[in-house]
Structure formats: C-alpha cells, structure tokens
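Below you'll find the structure, written out as structure tokens, and then a few comments.
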Amino acid sequence: MTNDILVFAEIRDGSFKKINAELISAGLNLAEKSGGAVNVAALGGDIDAAIEDARKYPIQKVYAVKNAVLANYSTQGFADALEAVVKQAEPAIVLFGATAMGKDLSARVAARLGAALLTDCTEVDLEDGSLKVKRPVFSGKVYANVVSTNDGIKMASVRPNIYPASDQGGDPAELVDVACDLSADNIGAMVTAIESTAAGRKDVTEAEIIVAGGRSLKSEENFKILEELADVLGASVGASRAAVDAGYAPHSQQVGQTGKVVNPKLYIACGISGAIQHLVGMRTSKVIVAINKDANAPIFQHADYGIEGDLFDVVPLLTEEFKKIVEG
Ligand SMILES: Cc1cc2nc3c(=O)[nH]c(=O)nc-3n(C[C@H](O)[C@H](O)[C@H](O)COP(=O)(O)OP(=O)(O)OC[C@H]3O[C@@H](n4cnc5c(N)ncnc54)[C@H](O)[C@@H]3O)c2cc1C
C-alpha cells in the first residue's frame, strides 16, 4: 500500500463536478501529512474532457476507466471499475463525496475490499497514521470524532461545500488507463435518465446558497418570489414538507428528515417555523438567515441572522437590494 490519497471523481454530462475539486483540497491536506500524493479515479463513457480537466489540478495521476458500460451510473459497473483502480493504485485513503452516487458506491467498494468506511464527514484528518474524521450525529445536534483503527485501506465520504475547491495549476497529471473487464450483461440495475431540477438550478444538496420557503407561501405561484431572489443570488430553492405536501414545491426540493440533508454556505428560511424534522436537514448550514413574522418561531433559535417581518414584504426588498449589489 502507498501513502497516496485517491479521489473518486463524479462526472456528470461529461464534466468534472465541483465536489471533486473540494475532495482534491481535502486530499492535499491529508497527503501533506501522509507523505503521499493525490490521485484521481475518473470512470465513465465519454469522459475525455473531464479527464483533461482533472489533469489540470495539482495531483499526480488520473486513473481512468473508459468504457461504454459506464456511460450511465450503475453500482455494479462503477464498483468493478473502481475496485480495479484501487487494486492498481494501492491508495491509503479513498475519498468520495457524500452525495447520492458517492454514498452508494463507497459502501459497495468498501465492503468488497474490507476497507474501513467513515461516512458523511465534515472534516477529515490524519492523526498518528489513522484517519480521523468529524461527522454530525443525532440529526446534527452534536459532532462525533471518529478514528479508523484498521490497518488496511480507509475510505471516507465528505459532505459537499465543506472544503474550498482546489485551484488548478502545475504540470498536467499523468494519465493512467486502467484495464477492467466490464460487460453490460453483469449490470443488475443502472441509472437510465437524470432529470434536471427546475430552471437548471443545482440540486439543493449541492447548492452553496438556498432560499427555502414554507407553508406560509400559500401557493405555488407565490414561490416565484423565492425564485426571483434565488436568481439574483445564483441559489437553489428549497421547501419545508408542509409546502411540498400542499403542492407548492416538488418533493425534490424538500429539506429535512424525509427530504434532503443540505449543507450550503447560506440558507435563507422564509416563513419556515423550524420544526425539528426541518432542522435535521439544514442545521449544519454555515450561515442561517430566518425571515418570520412570529418573533417566537423556533427557527430564530438556530438562525445566525433573524428578520422579524412579513416575507411578502421582506423577500422582494432583499431581491431588489441584492440586485443593486450584483449589478454594481
Ligand atoms: C415523520 C415526519 C417527518 C417529517 N419530515 C419533514 C421534512 O423532511 N421536512 C420538513 O420541513 N418537515 C417535515 N416534517 C413536518 C414538520 O414537523 C413541520 O410540520 C413542517 O416542517 C412545518 O413546515 P413549515 O415550517 O413550512 O410550516 P408551519 O409550521 O406551519 O410554519 C409556518 C411559519 O411561517 C410563519 N409565517 C406565516 N406567514 C408568514 C409570513 N407572511 N411571513 C413570514 N412568516 C410567516 C409562521 O409564523 C410559522 O412560523 C415531518 C414530520 C413528521 C411527523
């Protein structure tokens, strides 16, 4: 086994996703302590452009498996390909994004290779040669520090928007084509289509800024005021379950216990009371702004900034003011 860190790269529609640059950043911190290098595993069908993009980062090698069987994500196909890369690259640590794909793939590959897997981390570090991570537990109420005690390979999935994206620079990384025997007949189930979210916005799990609305919006039509603010900020739109159940927003935007867990830099909660089931999904946001006309709304206890007022007055005002700033 080497001292290297391997980053599993997610490639969507042929392009290298931002989470990969964040994982490279985390990997570079680890590599400094392990004395190894950071390498990237790029798997897919038509991924030449993504590979060229990956090679521009300050990493040593891009291990690539290019195969039409990998054109769409499948647990079986990607696990076969990544297993081949890991066996060739012999990394000490493999990093995944704590995304739908990363969570699915990391579990399968870790089980196959008998690796330790630490999931959903908000910090990854090396201490005396052991992988030490921080991860939210009990719905983000506390953080657990967890240390991997196994001697073999270690794996971790890291939440998006935690580490700053690494800059590109330096000599292009070496490209290593990895041989892997893949057959479409062995793929039990695969993703056949990915539907993009409304207006081409990022999924809430990947967004750096989220403008979220609750039952108080009163209609799907009224959600437009949140979309206008989101447009100015380059944000995604989220919703409480009450808003989703009422048909004001799609379930793909629901944040919380029965929705998605998000981790943006900024979460603007508009007319959301702050029920525990909602907090579970957004409590680890870096900055929380709450707009609510009830000064006693529980959300204010968790907000960094609170605006007591009617969202139908406050949100358009914010949109106007942010527009002035953006337009300079
Ligand atoms: C098993 C289970 C799972 C659940 N999963 C989830 C989940 O994943 N996500 C989730 O969100 N919820 C979930 N819930 C529901 C949760 O308990 C709450 O009912 C829900 O979050 C409330 O949504 P809300 O804040 O939009 O609505 P309300 O609780 O009705 O709050 C509306 C808020 O808007 C404020 N308001 C009203 N009008 C205005 C205005 N004009 N301007 C400003 N403020 C205004 C009010 O003061 C109030 O605070 C779950 C519940 C259960 C039992």
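By convention in this document, the chains of the structure tokens carry letters A, B, ... by their order, each chain's residues are numbered from 1, and ligands are numbered from 1 in the order they are shown.
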**Study point:** Within 12 Å of Asn263 in chain A using only C-alpha atoms, minus same-chain residues under 4 positions, as a PyMOL selection string
**Key:** chain A and resi 98-99+120-122+136+140+158-163+203-210+238+255-256+267+279-288
What would the file look like if the residues just selected were written as a short mmCIF file (atom, residue, chain, number, x, y, z; two decimals), in the first residue's frame with N, CA, C and O atoms?
data_model
loop_
_atom_site.label_atom_id
_atom_site.label_comp_id
_atom_site.auth_asym_id
_atom_site.auth_seq_id
_atom_site.Cartn_x
_atom_site.Cartn_y
_atom_site.Cartn_z
N ALA A 98 -20.07 12.91 -0.20
CA ALA A 98 -21.24 12.32 0.49
C ALA A 98 -22.49 12.72 -0.31
O ALA A 98 -23.37 13.43 0.17
N THR A 99 -22.51 12.27 -1.54
CA THR A 99 -23.60 12.56 -2.48
C THR A 99 -24.35 11.24 -2.72
O THR A 99 -23.91 10.19 -2.24
N ASP A 120 -20.21 10.57 5.57
CA ASP A 120 -20.87 11.84 5.82
C ASP A 120 -20.02 12.78 6.68
O ASP A 120 -20.52 13.42 7.61
N CYS A 121 -18.73 12.85 6.36
CA CYS A 121 -17.80 13.60 7.21
C CYS A 121 -17.85 15.11 6.90
O CYS A 121 -18.07 15.52 5.77
N THR A 122 -17.58 15.91 7.93
CA THR A 122 -17.46 17.35 7.73
C THR A 122 -16.00 17.79 7.96
O THR A 122 -15.69 18.96 7.86
N PRO A 136 -21.48 14.75 11.73
CA PRO A 136 -22.65 15.09 12.54
C PRO A 136 -23.47 13.85 12.87
O PRO A 136 -23.64 12.98 12.02
N GLY A 140 -27.46 16.22 13.55
CA GLY A 140 -26.62 17.42 13.54
C GLY A 140 -26.57 18.13 14.89
O GLY A 140 -26.01 19.21 15.02
N VAL A 158 -17.26 12.67 2.11
CA VAL A 158 -17.17 14.03 2.66
C VAL A 158 -18.32 14.87 2.10
O VAL A 158 -18.58 14.83 0.89
N ARG A 159 -19.01 15.57 2.98
CA ARG A 159 -20.14 16.40 2.53
C ARG A 159 -19.70 17.49 1.55
O ARG A 159 -18.62 18.07 1.72
N PRO A 160 -20.53 17.80 0.57
CA PRO A 160 -20.23 18.93 -0.33
C PRO A 160 -20.22 20.25 0.44
O PRO A 160 -20.84 20.36 1.50
N ASN A 161 -19.53 21.23 -0.12
CA ASN A 161 -19.47 22.60 0.41
C ASN A 161 -18.76 22.71 1.76
O ASN A 161 -19.00 23.64 2.52
N ILE A 162 -17.90 21.74 2.09
CA ILE A 162 -17.13 21.83 3.33
C ILE A 162 -15.73 22.38 3.01
O ILE A 162 -15.30 23.36 3.60
N TYR A 163 -15.05 21.77 2.07
CA TYR A 163 -13.69 22.20 1.72
C TYR A 163 -13.74 23.17 0.53
O TYR A 163 -14.57 23.00 -0.36
N ASP A 203 -29.10 20.95 -7.64
CA ASP A 203 -29.87 20.25 -6.63
C ASP A 203 -29.54 20.87 -5.27
O ASP A 203 -28.41 21.30 -5.04
N VAL A 204 -30.54 20.89 -4.37
CA VAL A 204 -30.31 21.54 -3.08
C VAL A 204 -29.13 20.92 -2.31
O VAL A 204 -28.47 21.61 -1.53
N THR A 205 -28.85 19.64 -2.55
CA THR A 205 -27.73 19.01 -1.83
C THR A 205 -26.38 19.55 -2.28
O THR A 205 -25.38 19.38 -1.60
N GLU A 206 -26.35 20.17 -3.45
CA GLU A 206 -25.07 20.68 -3.97
C GLU A 206 -24.98 22.20 -3.93
O GLU A 206 -23.93 22.77 -4.20
N ALA A 207 -26.10 22.84 -3.59
CA ALA A 207 -26.15 24.31 -3.69
C ALA A 207 -25.32 24.98 -2.60
O ALA A 207 -25.25 24.51 -1.47
N GLU A 208 -24.70 26.11 -2.97
CA GLU A 208 -23.96 26.90 -1.98
C GLU A 208 -24.88 27.87 -1.26
O GLU A 208 -24.62 28.30 -0.15
N ILE A 209 -25.96 28.24 -1.94
CA ILE A 209 -26.96 29.13 -1.33
C ILE A 209 -28.33 28.52 -1.59
O ILE A 209 -28.62 28.07 -2.70
N ILE A 210 -29.17 28.51 -0.55
CA ILE A 210 -30.54 28.00 -0.71
C ILE A 210 -31.52 29.04 -0.15
O ILE A 210 -31.33 29.57 0.95
N GLY A 238 -35.39 25.70 -1.90
CA GLY A 238 -35.76 24.58 -1.05
C GLY A 238 -37.15 24.80 -0.47
O GLY A 238 -37.73 25.88 -0.64
N VAL A 255 -36.45 19.81 2.18
CA VAL A 255 -35.31 19.73 3.08
C VAL A 255 -35.79 19.16 4.41
O VAL A 255 -36.81 19.61 4.93
N GLY A 256 -35.08 18.18 4.94
CA GLY A 256 -35.44 17.67 6.25
C GLY A 256 -35.39 16.17 6.36
O GLY A 256 -34.84 15.49 5.50
N TYR A 267 -28.26 29.65 4.08
CA TYR A 267 -29.62 29.10 3.99
C TYR A 267 -30.58 30.19 4.44
O TYR A 267 -30.49 30.67 5.58
N LEU A 279 -35.19 21.13 10.76
CA LEU A 279 -33.83 21.47 11.22
C LEU A 279 -32.83 20.36 10.91
O LEU A 279 -31.67 20.62 10.57
N VAL A 280 -33.29 19.11 11.04
CA VAL A 280 -32.44 17.95 10.76
C VAL A 280 -31.75 18.08 9.40
O VAL A 280 -30.61 17.67 9.23
N GLY A 281 -32.46 18.68 8.46
CA GLY A 281 -31.93 18.74 7.09
C GLY A 281 -31.06 19.95 6.81
O GLY A 281 -30.37 19.96 5.78
N MET A 282 -31.08 20.98 7.66
CA MET A 282 -30.35 22.20 7.28
C MET A 282 -29.52 22.80 8.41
O MET A 282 -28.88 23.82 8.24
N ARG A 283 -29.52 22.12 9.56
CA ARG A 283 -28.87 22.72 10.72
C ARG A 283 -27.38 22.96 10.53
O ARG A 283 -26.79 23.83 11.16
N THR A 284 -26.72 22.17 9.67
CA THR A 284 -25.27 22.34 9.51
C THR A 284 -24.92 23.40 8.45
O THR A 284 -23.75 23.56 8.10
N SER A 285 -25.93 24.12 7.95
CA SER A 285 -25.64 25.23 7.01
C SER A 285 -24.71 26.21 7.71
O SER A 285 -24.83 26.45 8.91
N LYS A 286 -23.80 26.82 6.93
CA LYS A 286 -22.80 27.68 7.60
C LYS A 286 -23.43 28.93 8.18
O LYS A 286 -23.17 29.32 9.30
N VAL A 287 -24.28 29.60 7.39
CA VAL A 287 -24.99 30.79 7.89
C VAL A 287 -26.48 30.60 7.62
O VAL A 287 -26.87 30.28 6.51
N ILE A 288 -27.28 30.78 8.68
CA ILE A 288 -28.73 30.62 8.53
C ILE A 288 -29.39 31.97 8.75
O ILE A 288 -29.14 32.65 9.76
#
Point to revise | Expected answer as a ChimeraX atom specification: residues within 8 Å of ligand 1, only C-alpha atoms and all ligand atoms | key: /A:213-217,239-243,254-260,270-281,291-295,297-299,308-312
Exercise for review: May I ask for the distance between CA of Val69 in chain A and CA of Ala184 in chain A, given in Å to one decimal place?
Suggested key: 5.7 Å
Show me, as JSON lines, the residues of range 122-206 of chain A having an atom within 9 Å of range 56-67 of chain A, each with the closest atom pair and its distance in Å, using only C-alpha atoms.
{"residue": "A:Ser166", "atom": "CA", "partner": "A:Tyr57", "partner_atom": "CA", "distance": 7.4}
{"residue": "A:Asp167", "atom": "CA", "partner": "A:Tyr57", "partner_atom": "CA", "distance": 6.7}
{"residue": "A:Gln168", "atom": "CA", "partner": "A:Tyr57", "partner_atom": "CA", "distance": 4.2}
{"residue": "A:Gly169", "atom": "CA", "partner": "A:Tyr57", "partner_atom": "CA", "distance": 5.6}
{"residue": "A:Gly170", "atom": "CA", "partner": "A:Pro58", "partner_atom": "CA", "distance": 5.8}
{"residue": "A:Asp171", "atom": "CA", "partner": "A:Lys56", "partner_atom": "CA", "distance": 7.2}
{"residue": "A:Pro172", "atom": "CA", "partner": "A:Lys56", "partner_atom": "CA", "distance": 5.2}
{"residue": "A:Ala173", "atom": "CA", "partner": "A:Lys61", "partner_atom": "CA", "distance": 5.0}
{"residue": "A:Glu174", "atom": "CA", "partner": "A:Lys61", "partner_atom": "CA", "distance": 4.6}
{"residue": "A:Leu175", "atom": "CA", "partner": "A:Val62", "partner_atom": "CA", "distance": 5.0}
{"residue": "A:Val176", "atom": "CA", "partner": "A:Tyr63", "partner_atom": "CA", "distance": 4.8}
{"residue": "A:Asp177", "atom": "CA", "partner": "A:Ala64", "partner_atom": "CA", "distance": 5.0}
{"residue": "A:Val178", "atom": "CA", "partner": "A:Val65", "partner_atom": "CA", "distance": 5.5}
{"residue": "A:Ala179", "atom": "CA", "partner": "A:Val65", "partner_atom": "CA", "distance": 6.9}
{"residue": "A:Cys180", "atom": "CA", "partner": "A:Val65", "partner_atom": "CA", "distance": 7.1}
{"residue": "A:Leu182", "atom": "CA", "partner": "A:Asn67", "partner_atom": "CA", "distance": 7.7}
Practice item. Could you check how far CA of Leu82 in chain A sits from CA of Ala193 in chain A, in Å to one decimal? Key: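 CA of Ala193 in chain A lies at a distance of 21.9 Å from CA of Leu82 in chain A.
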Exercise for review: Calculate how many Å separate CA of Phe16 in chain A from CA of Arg55 in chain A, rounding to one decimal.
Suggested key: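 For CA of Phe16 in chain A relative to CA of Arg55 in chain A, the distance reads 10.7 Å.
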**Study point:** Test item, helix (DSSP H, G or I) assignment across range 13-117 of chain A, answer as a PyMOL selection string
**Key:** chain A and resi 18-34+48-55+68-70+75-89+100-113
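Of the listed residues (A:Gly102, A:Val326, A:Ile93, A:Ile194), A:Ile93 comes nearest to Asn150 in chain A; the distances count only C-alpha atoms.
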Practice item. Find the residues around Val86 in chain A up to 12 Å (only C-alpha atoms counted), leave out those fewer than 2 positions away in its own chain, and share them as a PyMOL selection string. Key: chain A and resi 1-2+4-8+39-42+63-65+78-84+88-95+109-110+112-113+115+153-155+178-180
Review point. What are the DSSP strand (DSSP E) residues of range 71-251 of chain A, as an MDAnalysis selection string?
Key: chainID A and resid 93:97 116:121 123:127 130:137 142:147 154:158 174:177 209:213 236:239
Check your understanding: For Ala49 in chain A, which residue out of A:Leu266, A:Leu23, A:Ile11, A:Ala107 is the nearest one, using only C-alpha atoms?
Key ->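 Distance minimum relative to Ala49 in chain A lands on A:Ile11.
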**Study point:** Residue contacts of Asp231 in chain A (10 Å, only C-alpha atoms) excluding same-chain residues fewer than 3 positions away, as a list in words
**Key:** Ala199, Arg201, Val211, Ile225, Leu226, Glu227, Glu228, Gly234, Ala235, Ser236, Val237, Thr319 and Lys323 of chain A
Go ahead and dump the residues you just picked, C-alpha atoms, as a compact mmCIF listing (two decimals), in the first residue's frame.
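Output file result-v1.txt is given in full below:
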# COMPACT_ATOMS: atom_id res chain seq x y z
CA ALA A 199 -34.75 26.09 -14.28
CA ARG A 201 -30.71 25.09 -10.79
CA VAL A 211 -33.64 30.15 -0.48
CA ILE A 225 -40.79 35.46 -5.18
CA LEU A 226 -38.27 32.99 -3.76
CA GLU A 227 -37.17 32.04 -7.27
CA GLU A 228 -36.57 35.71 -8.09
CA GLY A 234 -27.39 32.11 -8.01
CA ALA A 235 -29.15 29.99 -5.40
CA SER A 236 -31.35 26.89 -5.39
CA VAL A 237 -34.86 26.83 -3.98
CA THR A 319 -34.14 40.79 -4.10
CA LYS A 323 -29.78 43.10 -7.44
